[in-house]
$ cat target_3.pdb   # PDB, C-alpha atoms and all ligand atoms
ATOM      1  CA  MET I   1     -34.863 -12.120 -12.903  1.00  0.00           C
ATOM      2  CA  THR I   2     -32.053 -14.103 -14.520  1.00  0.00           C
ATOM      3  CA  VAL I   3     -28.577 -12.902 -13.665  1.00  0.00           C
ATOM      4  CA  GLU I   4     -25.871 -13.717 -16.207  1.00  0.00           C
ATOM      5  CA  ILE I   5     -22.142 -13.710 -15.410  1.00  0.00           C
ATOM      6  CA  ARG I   6     -19.903 -12.799 -18.345  1.00  0.00           C
ATOM      7  CA  ARG I   7     -16.850 -10.876 -19.441  1.00  0.00           C
ATOM      8  CA  SER I   8     -17.489  -7.156 -19.599  1.00  0.00           C
ATOM      9  CA  ARG I   9     -17.858  -5.088 -22.763  1.00  0.00           C
ATOM     10  CA  ALA I  10     -17.706  -1.375 -23.547  1.00  0.00           C
ATOM     11  CA  ALA I  11     -21.422  -0.869 -22.902  1.00  0.00           C
ATOM     12  CA  ASP I  12     -20.919  -2.005 -19.287  1.00  0.00           C
ATOM     13  CA  VAL I  13     -18.554   0.841 -18.294  1.00  0.00           C
ATOM     14  CA  GLY I  14     -21.220   3.058 -16.694  1.00  0.00           C
ATOM     15  CA  GLY I  15     -22.776   0.104 -14.848  1.00  0.00           C
ATOM     16  CA  ILE I  16     -19.424  -1.099 -13.485  1.00  0.00           C
ATOM     17  CA  ALA I  17     -18.557   2.420 -12.300  1.00  0.00           C
ATOM     18  CA  ASP I  18     -21.949   2.744 -10.616  1.00  0.00           C
ATOM     19  CA  VAL I  19     -21.874  -0.653  -8.883  1.00  0.00           C
ATOM     20  CA  CYS I  20     -18.265  -0.264  -7.683  1.00  0.00           C
ATOM     21  CA  THR I  21     -18.889   3.287  -6.458  1.00  0.00           C
ATOM     22  CA  ARG I  22     -22.039   2.411  -4.536  1.00  0.00           C
ATOM     23  CA  GLY I  23     -20.654  -0.913  -3.328  1.00  0.00           C
ATOM     24  CA  TYR I  24     -17.372   0.641  -2.137  1.00  0.00           C
ATOM     25  CA  ARG I  25     -19.128   3.486  -0.293  1.00  0.00           C
ATOM     26  CA  ALA I  26     -21.653   1.183   1.365  1.00  0.00           C
ATOM     27  CA  THR I  27     -18.909  -1.224   2.459  1.00  0.00           C
ATOM     28  CA  TYR I  28     -16.361   1.195   3.882  1.00  0.00           C
ATOM     29  CA  ARG I  29     -18.452   4.047   5.298  1.00  0.00           C
ATOM     30  CA  GLY I  30     -17.472   4.278   8.978  1.00  0.00           C
ATOM     31  CA  LEU I  31     -14.565   1.875   8.460  1.00  0.00           C
ATOM     32  CA  LEU I  32     -12.209   4.102   6.464  1.00  0.00           C
ATOM     33  CA  PRO I  33     -11.942   7.913   6.433  1.00  0.00           C
ATOM     34  CA  ASP I  34     -14.461   9.524   4.069  1.00  0.00           C
ATOM     35  CA  GLU I  35     -11.737  11.345   2.139  1.00  0.00           C
ATOM     36  CA  HIS I  36      -9.921   8.060   1.501  1.00  0.00           C
ATOM     37  CA  ILE I  37     -13.157   6.462   0.303  1.00  0.00           C
ATOM     38  CA  GLU I  38     -13.906   9.290  -2.109  1.00  0.00           C
ATOM     39  CA  ARG I  39     -10.327   9.392  -3.417  1.00  0.00           C
ATOM     40  CA  THR I  40     -10.315   5.636  -4.057  1.00  0.00           C
ATOM     41  CA  ILE I  41     -13.595   5.935  -5.935  1.00  0.00           C
ATOM     42  CA  ARG I  42     -12.208   8.822  -8.006  1.00  0.00           C
ATOM     43  CA  ASP I  43      -8.920   7.033  -8.717  1.00  0.00           C
ATOM     44  CA  PHE I  44     -10.204   3.526  -9.479  1.00  0.00           C
ATOM     45  CA  TYR I  45     -13.902   3.600 -10.299  1.00  0.00           C
ATOM     46  CA  GLY I  46     -14.281   6.567 -12.635  1.00  0.00           C
ATOM     47  CA  GLU I  47     -15.648   5.754 -16.091  1.00  0.00           C
ATOM     48  CA  ASP I  48     -12.443   6.780 -17.901  1.00  0.00           C
ATOM     49  CA  ARG I  49     -10.294   4.373 -15.923  1.00  0.00           C
ATOM     50  CA  ILE I  50     -12.797   1.535 -16.196  1.00  0.00           C
ATOM     51  CA  ALA I  51     -13.112   2.074 -19.959  1.00  0.00           C
ATOM     52  CA  GLY I  52      -9.373   1.457 -20.201  1.00  0.00           C
ATOM     53  CA  GLU I  53      -9.665  -1.730 -18.146  1.00  0.00           C
ATOM     54  CA  ILE I  54     -12.484  -3.471 -20.004  1.00  0.00           C
ATOM     55  CA  ASP I  55     -10.064  -5.380 -22.193  1.00  0.00           C
ATOM     56  CA  PRO I  56      -8.009  -8.010 -20.386  1.00  0.00           C
ATOM     57  CA  ALA I  57      -4.242  -7.480 -20.259  1.00  0.00           C
ATOM     58  CA  PRO I  58      -3.099 -10.875 -18.983  1.00  0.00           C
ATOM     59  CA  PRO I  59      -1.455 -11.840 -16.775  1.00  0.00           C
ATOM     60  CA  HIS I  60      -1.536  -8.497 -14.935  1.00  0.00           C
ATOM     61  CA  TRP I  61      -5.263  -7.879 -15.366  1.00  0.00           C
ATOM     62  CA  LEU I  62      -7.780 -10.458 -16.551  1.00  0.00           C
ATOM     63  CA  GLY I  63     -10.498  -7.897 -17.270  1.00  0.00           C
ATOM     64  CA  TYR I  64     -13.734  -6.980 -15.532  1.00  0.00           C
ATOM     65  CA  VAL I  65     -16.318  -9.732 -15.115  1.00  0.00           C
ATOM     66  CA  VAL I  66     -19.897  -8.554 -14.668  1.00  0.00           C
ATOM     67  CA  ALA I  67     -23.189  -9.842 -13.330  1.00  0.00           C
ATOM     68  CA  VAL I  68     -25.969  -8.467 -15.524  1.00  0.00           C
ATOM     69  CA  GLU I  69     -29.709  -8.775 -15.804  1.00  0.00           C
ATOM     70  CA  PRO I  70     -32.253  -7.356 -18.245  1.00  0.00           C
ATOM     71  CA  GLY I  71     -32.932  -3.680 -17.420  1.00  0.00           C
ATOM     72  CA  ALA I  72     -36.381  -3.209 -15.879  1.00  0.00           C
ATOM     73  CA  GLY I  73     -38.399  -1.171 -18.381  1.00  0.00           C
ATOM     74  CA  VAL I  74     -35.299   0.008 -20.270  1.00  0.00           C
ATOM     75  CA  PRO I  75     -33.493  -1.528 -23.226  1.00  0.00           C
ATOM     76  CA  GLY I  76     -30.198  -3.303 -22.573  1.00  0.00           C
ATOM     77  CA  GLU I  77     -28.783  -4.874 -19.470  1.00  0.00           C
ATOM     78  CA  ARG I  78     -28.204  -3.621 -15.944  1.00  0.00           C
ATOM     79  CA  VAL I  79     -24.924  -4.350 -14.159  1.00  0.00           C
ATOM     80  CA  VAL I  80     -25.586  -5.653 -10.626  1.00  0.00           C
ATOM     81  CA  GLY I  81     -22.055  -6.824  -9.776  1.00  0.00           C
ATOM     82  CA  ALA I  82     -18.466  -6.578 -10.951  1.00  0.00           C
ATOM     83  CA  ALA I  83     -15.230  -8.405 -10.209  1.00  0.00           C
ATOM     84  CA  GLY I  84     -11.716  -8.710 -11.547  1.00  0.00           C
ATOM     85  CA  GLY I  85      -8.445 -10.430 -10.839  1.00  0.00           C
ATOM     86  CA  ALA I  86      -4.916 -10.996 -12.056  1.00  0.00           C
ATOM     87  CA  VAL I  87      -2.112 -13.492 -12.076  1.00  0.00           C
ATOM     88  CA  THR I  88       0.380 -12.107  -9.590  1.00  0.00           C
ATOM     89  CA  GLY I  89       2.893 -14.902  -9.029  1.00  0.00           C
ATOM     90  CA  ASP I  90       4.228 -18.087 -10.647  1.00  0.00           C
ATOM     91  CA  ALA I  91       1.129 -20.037  -9.708  1.00  0.00           C
ATOM     92  CA  THR I  92      -0.949 -17.586  -7.721  1.00  0.00           C
ATOM     93  CA  GLY I  93      -3.548 -15.006  -8.488  1.00  0.00           C
ATOM     94  CA  GLU I  94      -5.310 -12.160  -6.737  1.00  0.00           C
ATOM     95  CA  LEU I  95      -8.914 -11.046  -6.625  1.00  0.00           C
ATOM     96  CA  TYR I  96      -8.651  -7.259  -6.883  1.00  0.00           C
ATOM     97  CA  VAL I  97     -12.286  -6.187  -7.084  1.00  0.00           C
ATOM     98  CA  LEU I  98     -15.630  -7.668  -6.061  1.00  0.00           C
ATOM     99  CA  TYR I  99     -18.604  -5.388  -5.571  1.00  0.00           C
ATOM    100  CA  LEU I 100     -22.335  -5.782  -5.843  1.00  0.00           C
ATOM    101  CA  ASP I 101     -25.298  -3.484  -5.963  1.00  0.00           C
ATOM    102  CA  PRO I 102     -25.760  -3.180  -2.157  1.00  0.00           C
ATOM    103  CA  ASP I 103     -29.419  -4.209  -2.561  1.00  0.00           C
ATOM    104  CA  ARG I 104     -28.429  -7.487  -4.208  1.00  0.00           C
ATOM    105  CA  ARG I 105     -26.344  -9.177  -1.525  1.00  0.00           C
ATOM    106  CA  GLY I 106     -27.082 -12.680  -0.361  1.00  0.00           C
ATOM    107  CA  GLU I 107     -28.458 -14.020  -3.670  1.00  0.00           C
ATOM    108  CA  GLY I 108     -25.364 -16.005  -4.637  1.00  0.00           C
ATOM    109  CA  ILE I 109     -24.175 -13.413  -7.177  1.00  0.00           C
ATOM    110  CA  GLY I 110     -20.896 -12.818  -5.308  1.00  0.00           C
ATOM    111  CA  THR I 111     -20.143 -16.541  -5.347  1.00  0.00           C
ATOM    112  CA  ARG I 112     -20.782 -16.743  -9.084  1.00  0.00           C
ATOM    113  CA  LEU I 113     -18.495 -13.772  -9.784  1.00  0.00           C
ATOM    114  CA  LEU I 114     -15.806 -15.295  -7.559  1.00  0.00           C
ATOM    115  CA  ASP I 115     -16.199 -18.639  -9.388  1.00  0.00           C
ATOM    116  CA  HIS I 116     -15.739 -16.918 -12.740  1.00  0.00           C
ATOM    117  CA  VAL I 117     -12.542 -15.132 -11.688  1.00  0.00           C
ATOM    118  CA  THR I 118     -11.298 -18.386 -10.118  1.00  0.00           C
ATOM    119  CA  GLY I 119     -11.887 -20.134 -13.449  1.00  0.00           C
ATOM    120  CA  GLN I 120      -9.852 -17.459 -15.243  1.00  0.00           C
ATOM    121  CA  LEU I 121      -6.989 -17.913 -12.772  1.00  0.00           C
ATOM    122  CA  LEU I 122      -7.074 -21.693 -13.238  1.00  0.00           C
ATOM    123  CA  GLU I 123      -6.857 -21.215 -17.002  1.00  0.00           C
ATOM    124  CA  HIS I 124      -3.683 -19.221 -16.396  1.00  0.00           C
ATOM    125  CA  GLY I 125      -2.169 -22.004 -14.304  1.00  0.00           C
ATOM    126  CA  ALA I 126      -2.799 -20.631 -10.823  1.00  0.00           C
ATOM    127  CA  THR I 127      -3.134 -23.136  -7.988  1.00  0.00           C
ATOM    128  CA  GLY I 128      -4.015 -20.595  -5.320  1.00  0.00           C
ATOM    129  CA  MET I 129      -5.519 -17.158  -4.945  1.00  0.00           C
ATOM    130  CA  TRP I 130      -5.257 -14.206  -2.584  1.00  0.00           C
ATOM    131  CA  VAL I 131      -7.598 -11.436  -1.576  1.00  0.00           C
ATOM    132  CA  SER I 132      -7.126  -8.446   0.764  1.00  0.00           C
ATOM    133  CA  VAL I 133     -10.089  -7.547   2.938  1.00  0.00           C
ATOM    134  CA  THR I 134     -10.170  -4.536   5.238  1.00  0.00           C
ATOM    135  CA  GLU I 135     -10.255  -5.535   8.886  1.00  0.00           C
ATOM    136  CA  GLY I 136     -13.758  -4.996  10.201  1.00  0.00           C
ATOM    137  CA  ASN I 137     -15.405  -5.483   6.795  1.00  0.00           C
ATOM    138  CA  GLU I 138     -18.061  -7.833   8.096  1.00  0.00           C
ATOM    139  CA  LEU I 139     -19.689  -7.915   4.671  1.00  0.00           C
ATOM    140  CA  GLY I 140     -16.551  -9.337   3.073  1.00  0.00           C
ATOM    141  CA  LEU I 141     -14.651 -11.431   5.651  1.00  0.00           C
ATOM    142  CA  PRO I 142     -17.463 -13.943   6.400  1.00  0.00           C
ATOM    143  CA  PHE I 143     -18.058 -14.403   2.677  1.00  0.00           C
ATOM    144  CA  TYR I 144     -14.445 -15.338   1.949  1.00  0.00           C
ATOM    145  CA  ARG I 145     -14.283 -17.619   4.995  1.00  0.00           C
ATOM    146  CA  ALA I 146     -17.447 -19.361   3.761  1.00  0.00           C
ATOM    147  CA  ARG I 147     -15.706 -19.857   0.410  1.00  0.00           C
ATOM    148  CA  GLY I 148     -12.593 -21.511   1.828  1.00  0.00           C
ATOM    149  CA  PHE I 149     -10.216 -18.566   2.243  1.00  0.00           C
ATOM    150  CA  ILE I 150      -7.964 -18.664   5.302  1.00  0.00           C
ATOM    151  CA  GLU I 151      -6.448 -15.643   6.988  1.00  0.00           C
ATOM    152  CA  ALA I 152      -2.720 -15.638   6.304  1.00  0.00           C
ATOM    153  CA  GLY I 153      -1.486 -12.223   7.443  1.00  0.00           C
ATOM    154  CA  ARG I 154      -2.287  -8.556   7.733  1.00  0.00           C
ATOM    155  CA  ARG I 155      -0.831  -5.299   6.500  1.00  0.00           C
ATOM    156  CA  PRO I 156      -1.818  -1.611   6.497  1.00  0.00           C
ATOM    157  CA  ALA I 157      -4.893  -1.086   4.342  1.00  0.00           C
ATOM    158  CA  TYR I 158      -3.198   1.836   2.642  1.00  0.00           C
ATOM    159  CA  THR I 159      -0.306   4.205   3.161  1.00  0.00           C
ATOM    160  CA  GLU I 160      -0.420   7.949   2.905  1.00  0.00           C
ATOM    161  CA  PRO I 161       2.885   9.207   4.283  1.00  0.00           C
ATOM    162  CA  ASP I 162       1.990  12.849   3.715  1.00  0.00           C
ATOM    163  CA  THR I 163      -1.246  12.715   5.659  1.00  0.00           C
ATOM    164  CA  GLU I 164      -0.252  10.751   8.727  1.00  0.00           C
ATOM    165  CA  PRO I 165      -2.961  12.150  11.072  1.00  0.00           C
ATOM    166  CA  ASP I 166      -5.732  11.130   8.659  1.00  0.00           C
ATOM    167  CA  MET I 167      -4.636   7.536   8.869  1.00  0.00           C
ATOM    168  CA  GLN I 168      -6.304   7.166  12.235  1.00  0.00           C
ATOM    169  CA  SER I 169      -9.532   5.215  11.863  1.00  0.00           C
ATOM    170  CA  HIS I 170     -12.729   6.893  13.005  1.00  0.00           C
ATOM    171  CA  ASN I 171     -12.755   5.350  16.445  1.00  0.00           C
ATOM    172  CA  GLY I 172      -9.289   6.729  17.058  1.00  0.00           C
ATOM    173  CA  SER I 173      -7.489   3.385  16.959  1.00  0.00           C
ATOM    174  CA  ASP I 174      -4.508   2.575  14.747  1.00  0.00           C
ATOM    175  CA  VAL I 175      -4.368   2.691  10.971  1.00  0.00           C
ATOM    176  CA  PRO I 176      -6.874   0.250   9.456  1.00  0.00           C
ATOM    177  CA  HIS I 177      -5.324  -3.006   8.299  1.00  0.00           C
ATOM    178  CA  SER I 178      -6.150  -5.423   5.515  1.00  0.00           C
ATOM    179  CA  VAL I 179      -6.434  -9.109   6.196  1.00  0.00           C
ATOM    180  CA  ARG I 180      -4.609 -11.184   3.591  1.00  0.00           C
ATOM    181  CA  MET I 181      -6.652 -14.288   2.793  1.00  0.00           C
ATOM    182  CA  TYR I 182      -5.630 -17.258   0.689  1.00  0.00           C
ATOM    183  CA  ARG I 183      -7.259 -20.368  -0.705  1.00  0.00           C
ATOM    184  CA  PRO I 184      -5.906 -23.149  -2.891  1.00  0.00           C
ATOM    185  CA  ILE I 185      -7.830 -23.588  -6.150  1.00  0.00           C
ATOM    186  CA  GLY I 186      -8.139 -26.382  -8.668  1.00  0.00           C
ATOM    187  CA  ARG I 187      -7.390 -30.038  -8.172  1.00  0.00           C
ATOM    188  CA  SER I 188      -4.080 -29.814  -6.343  1.00  0.00           C
ATOM    189  CA  ARG I 189      -5.544 -28.477  -3.113  1.00  0.00           C
ATOM    190  CA  SER I 190      -2.735 -28.170  -0.635  1.00  0.00           C
ATOM    191  CA  SER I 191      -2.955 -27.494   3.064  1.00  0.00           C
ATOM    192  CA  MET I 192       0.170 -25.370   2.886  1.00  0.00           C
ATOM    193  CA  ILE I 193      -0.386 -21.643   3.174  1.00  0.00           C
ATOM    194  CA  PRO I 194       2.486 -19.829   1.476  1.00  0.00           C
ATOM    195  CA  GLU I 195       3.940 -16.659   2.917  1.00  0.00           C
ATOM    196  CA  CYS I 196       2.347 -13.531   1.569  1.00  0.00           C
ATOM    197  CA  ASN I 197       5.151 -12.330  -0.661  1.00  0.00           C
ATOM    198  CA  ASP I 198       3.875  -9.108  -2.170  1.00  0.00           C
TER     199      ASP I 198
HETATM  200  C1  LIG G 201     -18.905 -10.004  -0.337  1.00  0.00           C
HETATM  201  C2  LIG G 201     -20.029 -10.051  -1.357  1.00  0.00           C
HETATM  202  C3  LIG G 201     -19.474  -9.728  -2.728  1.00  0.00           C
HETATM  203  C4  LIG G 201     -20.606 -11.464  -1.326  1.00  0.00           C
HETATM  204  O1  LIG G 201     -21.556 -11.603  -2.341  1.00  0.00           O
HETATM  205  P1  LIG G 201     -23.009 -12.178  -2.040  1.00  0.00           P
HETATM  206  O2  LIG G 201     -23.682 -12.374  -3.350  1.00  0.00           O
HETATM  207  O3  LIG G 201     -23.679 -11.308  -1.044  1.00  0.00           O
HETATM  208  O4  LIG G 201     -22.662 -13.578  -1.360  1.00  0.00           O
HETATM  209  P2  LIG G 201     -23.384 -14.980  -1.632  1.00  0.00           P
HETATM  210  O5  LIG G 201     -24.864 -14.791  -1.633  1.00  0.00           O
HETATM  211  O6  LIG G 201     -22.779 -15.589  -2.823  1.00  0.00           O
HETATM  212  O7  LIG G 201     -22.980 -15.713  -0.277  1.00  0.00           O
HETATM  213  C5  LIG G 201     -21.928 -16.645  -0.240  1.00  0.00           C
HETATM  214  C6  LIG G 201     -21.706 -17.170   1.146  1.00  0.00           C
HETATM  215  O8  LIG G 201     -21.140 -16.204   2.020  1.00  0.00           O
HETATM  216  C7  LIG G 201     -21.904 -16.154   3.216  1.00  0.00           C
HETATM  217  N1  LIG G 201     -21.966 -14.761   3.580  1.00  0.00           N
HETATM  218  C8  LIG G 201     -21.996 -13.710   2.733  1.00  0.00           C
HETATM  219  N2  LIG G 201     -22.015 -12.564   3.444  1.00  0.00           N
HETATM  220  C9  LIG G 201     -22.025 -12.916   4.740  1.00  0.00           C
HETATM  221  C10 LIG G 201     -22.063 -12.188   5.969  1.00  0.00           C
HETATM  222  N3  LIG G 201     -22.089 -10.851   5.983  1.00  0.00           N
HETATM  223  N4  LIG G 201     -22.055 -12.867   7.135  1.00  0.00           N
HETATM  224  C11 LIG G 201     -22.029 -14.222   7.147  1.00  0.00           C
HETATM  225  N5  LIG G 201     -21.997 -14.965   6.009  1.00  0.00           N
HETATM  226  C12 LIG G 201     -21.996 -14.319   4.840  1.00  0.00           C
HETATM  227  C13 LIG G 201     -23.258 -16.695   2.883  1.00  0.00           C
HETATM  228  O9  LIG G 201     -23.839 -17.305   4.032  1.00  0.00           O
HETATM  229  C14 LIG G 201     -22.948 -17.714   1.803  1.00  0.00           C
HETATM  230  O10 LIG G 201     -22.514 -18.933   2.356  1.00  0.00           O
HETATM  231  P3  LIG G 201     -23.371 -20.293   2.185  1.00  0.00           P
HETATM  232  O11 LIG G 201     -23.913 -20.306   0.772  1.00  0.00           O
HETATM  233  O12 LIG G 201     -22.336 -21.324   2.436  1.00  0.00           O
HETATM  234  O13 LIG G 201     -24.424 -20.147   3.222  1.00  0.00           O
HETATM  235  C15 LIG G 201     -21.164  -9.053  -1.067  1.00  0.00           C
HETATM  236  O14 LIG G 201     -21.786  -9.373   0.157  1.00  0.00           O
HETATM  237  C16 LIG G 201     -20.705  -7.620  -1.046  1.00  0.00           C
HETATM  238  O15 LIG G 201     -20.846  -6.899  -2.014  1.00  0.00           O
HETATM  239  N6  LIG G 201     -20.151  -7.174   0.077  1.00  0.00           N
HETATM  240  C17 LIG G 201     -19.684  -5.810   0.202  1.00  0.00           C
HETATM  241  C18 LIG G 201     -18.492  -5.551  -0.686  1.00  0.00           C
HETATM  242  C19 LIG G 201     -17.271  -6.326  -0.269  1.00  0.00           C
HETATM  243  O16 LIG G 201     -17.013  -6.505   0.914  1.00  0.00           O
HETATM  244  N7  LIG G 201     -16.527  -6.768  -1.269  1.00  0.00           N
HETATM  245  C20 LIG G 201     -15.312  -7.438  -1.056  1.00  0.00           C
HETATM  246  C21 LIG G 201     -14.208  -6.462  -0.911  1.00  0.00           C
HETATM  247  S1  LIG G 201     -12.655  -7.315  -0.762  1.00  0.00           S
END

$ encode --input "target_3.pdb" --output "structure tokens"
Amino acid sequence: MTVEIRRSRAADVGGIADVCTRGYRATYRGLLPDEHIERTIRDFYGEDRIAGEIDPAPPHWLGYVVAVEPGAGVPGERVVGAAGGAVTGDATGELYVLYLDPDRRGEGIGTRLLDHVTGQLLEHGATGMWVSVTEGNELGLPFYRARGFIEAGRRPAYTEPDTEPDMQSHNGSDVPHSVRMYRPIGRSRSSMIPECND
């Protein structure tokens, strides 16, 4: 089936919420505490919040980008992937979200969504982009490495000062960390990796 990559519209809200919810759960189960997973889904991937984020608000949010295909046996389109980014510095951007229907990995859809967000960042003058990937996310890290991102630092994946004991990861080790990854984009590819300054 043909998958199209395009800017999202109001009719995509339910599909984006579904794909991000299922993608987030499938990615982080066993890696982050269940209560953190469910809270993140509630806070970021509920339909109300997504409805308010369909329209771009540049430079701080460039809007959801979706991968859609014709719905099998139902009218309209089915969302199979969603992504979104923002301009976060003078000439840098950040990929904030990239999730797929877990059954649709490995078809090149993630690359096409990443390309679309990269194109948006280039249009806004970015010459490099960042992404944070949770340490141990072996569905995400190899993908970004294959697409030219280089590991440039790490930081706690999240902070919950009031619930310190819950910050232990399931295997009892320290708080999970995010790997900060960077790649230059556009024509002026530089070998310099700037300090992570956020
Ligand atoms: C990360 C993700 C969006 C990638 O999308 P995708 O459509 O599966 O990836 P593609 O088919 O476009 O693959 C792109 C490249 O990454 C490589 N790759 C992807 N996943 C990989 C893995 N787990 N291990 C090794 N290589 C991998 C592929 O080999 C391919 O490289 P190549 O074309 O040079 O051979 C998708 O796998 C996913 O949803 N993962 C879980 C959610 C997630 O981690 N999101 C990111 C949170 S920051």

$ atom_distance --input "target_3.pdb" --atom1 "atom CA of Ile50 of chain I" --atom2 "atom CA of Tyr24 of chain I"
14.8 Å

$ residues_around --input "target_3.pdb" --residues "Gly52 of chain I" --least-positions-apart "4" --cutoff "10 Å" --atoms "all atoms listed in the file" --output "list in words"
Ala10, Val13, Glu47, Asp48, Pro56 and Gly63 of chain I

$ atom_distance --input "target_3.pdb" --atom1 "atom CA of Arg183 of chain I" --atom2 "atom CA of Gly140 of chain I"
14.9 Å

$ closest_residue --input "target_3.pdb" --among "I:Glu4, I:Glu35, I:Glu94, I:Asp115" --to "Ser132 of chain I" --atoms "only C-alpha atoms"
I:Glu94

$ axis_aligned_box --input "target_3.pdb" --around "ligand LIG 201 (chain G)" --padding-each-side "8 Å" --output "AutoDock Vina command-line options"
--center_x -18.8 --center_y -13.4 --center_z 1.9 --size_x 28.2 --size_y 31.8 --size_z 26.5

$ residues_near_ligand --input "target_3.pdb" --ligand "ligand LIG 201 (chain G)" --cutoff "7 Å" --atoms "only C-alpha atoms and all ligand atoms" --output "PDB file with C-alpha atoms, in the frame of the given file"
ATOM      1  CA  GLY I  23     -20.654  -0.913  -3.328  1.00  0.00           C
ATOM      2  CA  TYR I  24     -17.372   0.641  -2.137  1.00  0.00           C
ATOM      3  CA  THR I  27     -18.909  -1.224   2.459  1.00  0.00           C
ATOM      4  CA  VAL I  97     -12.286  -6.187  -7.084  1.00  0.00           C
ATOM      5  CA  LEU I  98     -15.630  -7.668  -6.061  1.00  0.00           C
ATOM      6  CA  TYR I  99     -18.604  -5.388  -5.571  1.00  0.00           C
ATOM      7  CA  LEU I 100     -22.335  -5.782  -5.843  1.00  0.00           C
ATOM      8  CA  ASP I 101     -25.298  -3.484  -5.963  1.00  0.00           C
ATOM      9  CA  PRO I 102     -25.760  -3.180  -2.157  1.00  0.00           C
ATOM     10  CA  ARG I 104     -28.429  -7.487  -4.208  1.00  0.00           C
ATOM     11  CA  ARG I 105     -26.344  -9.177  -1.525  1.00  0.00           C
ATOM     12  CA  GLY I 106     -27.082 -12.680  -0.361  1.00  0.00           C
ATOM     13  CA  GLU I 107     -28.458 -14.020  -3.670  1.00  0.00           C
ATOM     14  CA  GLY I 108     -25.364 -16.005  -4.637  1.00  0.00           C
ATOM     15  CA  ILE I 109     -24.175 -13.413  -7.177  1.00  0.00           C
ATOM     16  CA  GLY I 110     -20.896 -12.818  -5.308  1.00  0.00           C
ATOM     17  CA  THR I 111     -20.143 -16.541  -5.347  1.00  0.00           C
ATOM     18  CA  ARG I 112     -20.782 -16.743  -9.084  1.00  0.00           C
ATOM     19  CA  VAL I 131      -7.598 -11.436  -1.576  1.00  0.00           C
ATOM     20  CA  SER I 132      -7.126  -8.446   0.764  1.00  0.00           C
ATOM     21  CA  VAL I 133     -10.089  -7.547   2.938  1.00  0.00           C
ATOM     22  CA  ASN I 137     -15.405  -5.483   6.795  1.00  0.00           C
ATOM     23  CA  GLU I 138     -18.061  -7.833   8.096  1.00  0.00           C
ATOM     24  CA  LEU I 139     -19.689  -7.915   4.671  1.00  0.00           C
ATOM     25  CA  GLY I 140     -16.551  -9.337   3.073  1.00  0.00           C
ATOM     26  CA  PRO I 142     -17.463 -13.943   6.400  1.00  0.00           C
ATOM     27  CA  PHE I 143     -18.058 -14.403   2.677  1.00  0.00           C
ATOM     28  CA  TYR I 144     -14.445 -15.338   1.949  1.00  0.00           C
ATOM     29  CA  ALA I 146     -17.447 -19.361   3.761  1.00  0.00           C
ATOM     30  CA  ARG I 147     -15.706 -19.857   0.410  1.00  0.00           C
TER      31      ARG I 147
END

$ atom_distance --input "target_3.pdb" --atom1 "atom CA of Tyr182 of chain I" --atom2 "atom CA of Ala17 of chain I"
26.9 Å

$ resolve_selection --input "target_3.pdb" --expression "the PyMOL selection byres (((chain I and resi 85) around 6) and not hetatm)" --output "list in words"
Leu62, Gly84, Ala86, Glu94, Leu95 and Tyr96 of chain I

$ resolve_selection --input "target_3.pdb" --expression "the PyMOL selection byres (((chain I and resi 25) around 12) and not hetatm)" --output "NGL selection string"
:I and (18-24 or 26-42 or 45 or 99-102)

$ closest_residue --input "target_3.pdb" --among "I:His177, I:Arg78, I:His60, I:Arg145" --to "Leu121 of chain I" --atoms "all atoms listed in the file"
I:His60

$ closest_residue --input "target_3.pdb" --among "I:Val179, I:Met129, I:Tyr64, I:Gly81" --to "Gly93 of chain I" --atoms "all atoms listed in the file"
I:Met129

$ closest_residue --input "target_3.pdb" --among "I:Ala82, I:Ala72, I:Ala157, I:Ala11" --to "His116 of chain I" --atoms "all atoms listed in the file"
I:Ala82

$ closest_residue --input "target_3.pdb" --among "I:Arg180, I:Arg7, I:Glu69, I:Val117" --to "Asp55 of chain I" --atoms "only C-alpha atoms"
I:Arg7

$ build_atoms --input "target_3.pdb" --residues "segment 104-112 of chain I" --atoms "N, CA and C atoms" --output "compact mmCIF listing (two decimals), in the coordinates of the input"
# COMPACT_ATOMS: atom_id res chain seq x y z
N ARG I 104 -28.37 -6.16 -3.60
CA ARG I 104 -28.43 -7.49 -4.21
C ARG I 104 -27.51 -8.50 -3.51
N ARG I 105 -27.18 -8.23 -2.26
CA ARG I 105 -26.34 -9.18 -1.52
C ARG I 105 -27.15 -10.40 -1.12
N GLY I 106 -26.45 -11.49 -0.92
CA GLY I 106 -27.08 -12.68 -0.36
C GLY I 106 -27.89 -13.49 -1.34
N GLU I 107 -27.72 -13.25 -2.65
CA GLU I 107 -28.46 -14.02 -3.67
C GLU I 107 -27.56 -15.01 -4.38
N GLY I 108 -26.30 -15.10 -3.97
CA GLY I 108 -25.36 -16.00 -4.64
C GLY I 108 -24.60 -15.36 -5.79
N ILE I 109 -24.84 -14.07 -6.04
CA ILE I 109 -24.18 -13.41 -7.18
C ILE I 109 -22.67 -13.27 -6.91
N GLY I 110 -22.32 -12.95 -5.66
CA GLY I 110 -20.90 -12.82 -5.31
C GLY I 110 -20.15 -14.13 -5.52
N THR I 111 -20.77 -15.22 -5.15
CA THR I 111 -20.14 -16.54 -5.35
C THR I 111 -19.94 -16.82 -6.83
N ARG I 112 -20.91 -16.48 -7.64
CA ARG I 112 -20.78 -16.74 -9.08
C ARG I 112 -19.69 -15.88 -9.71
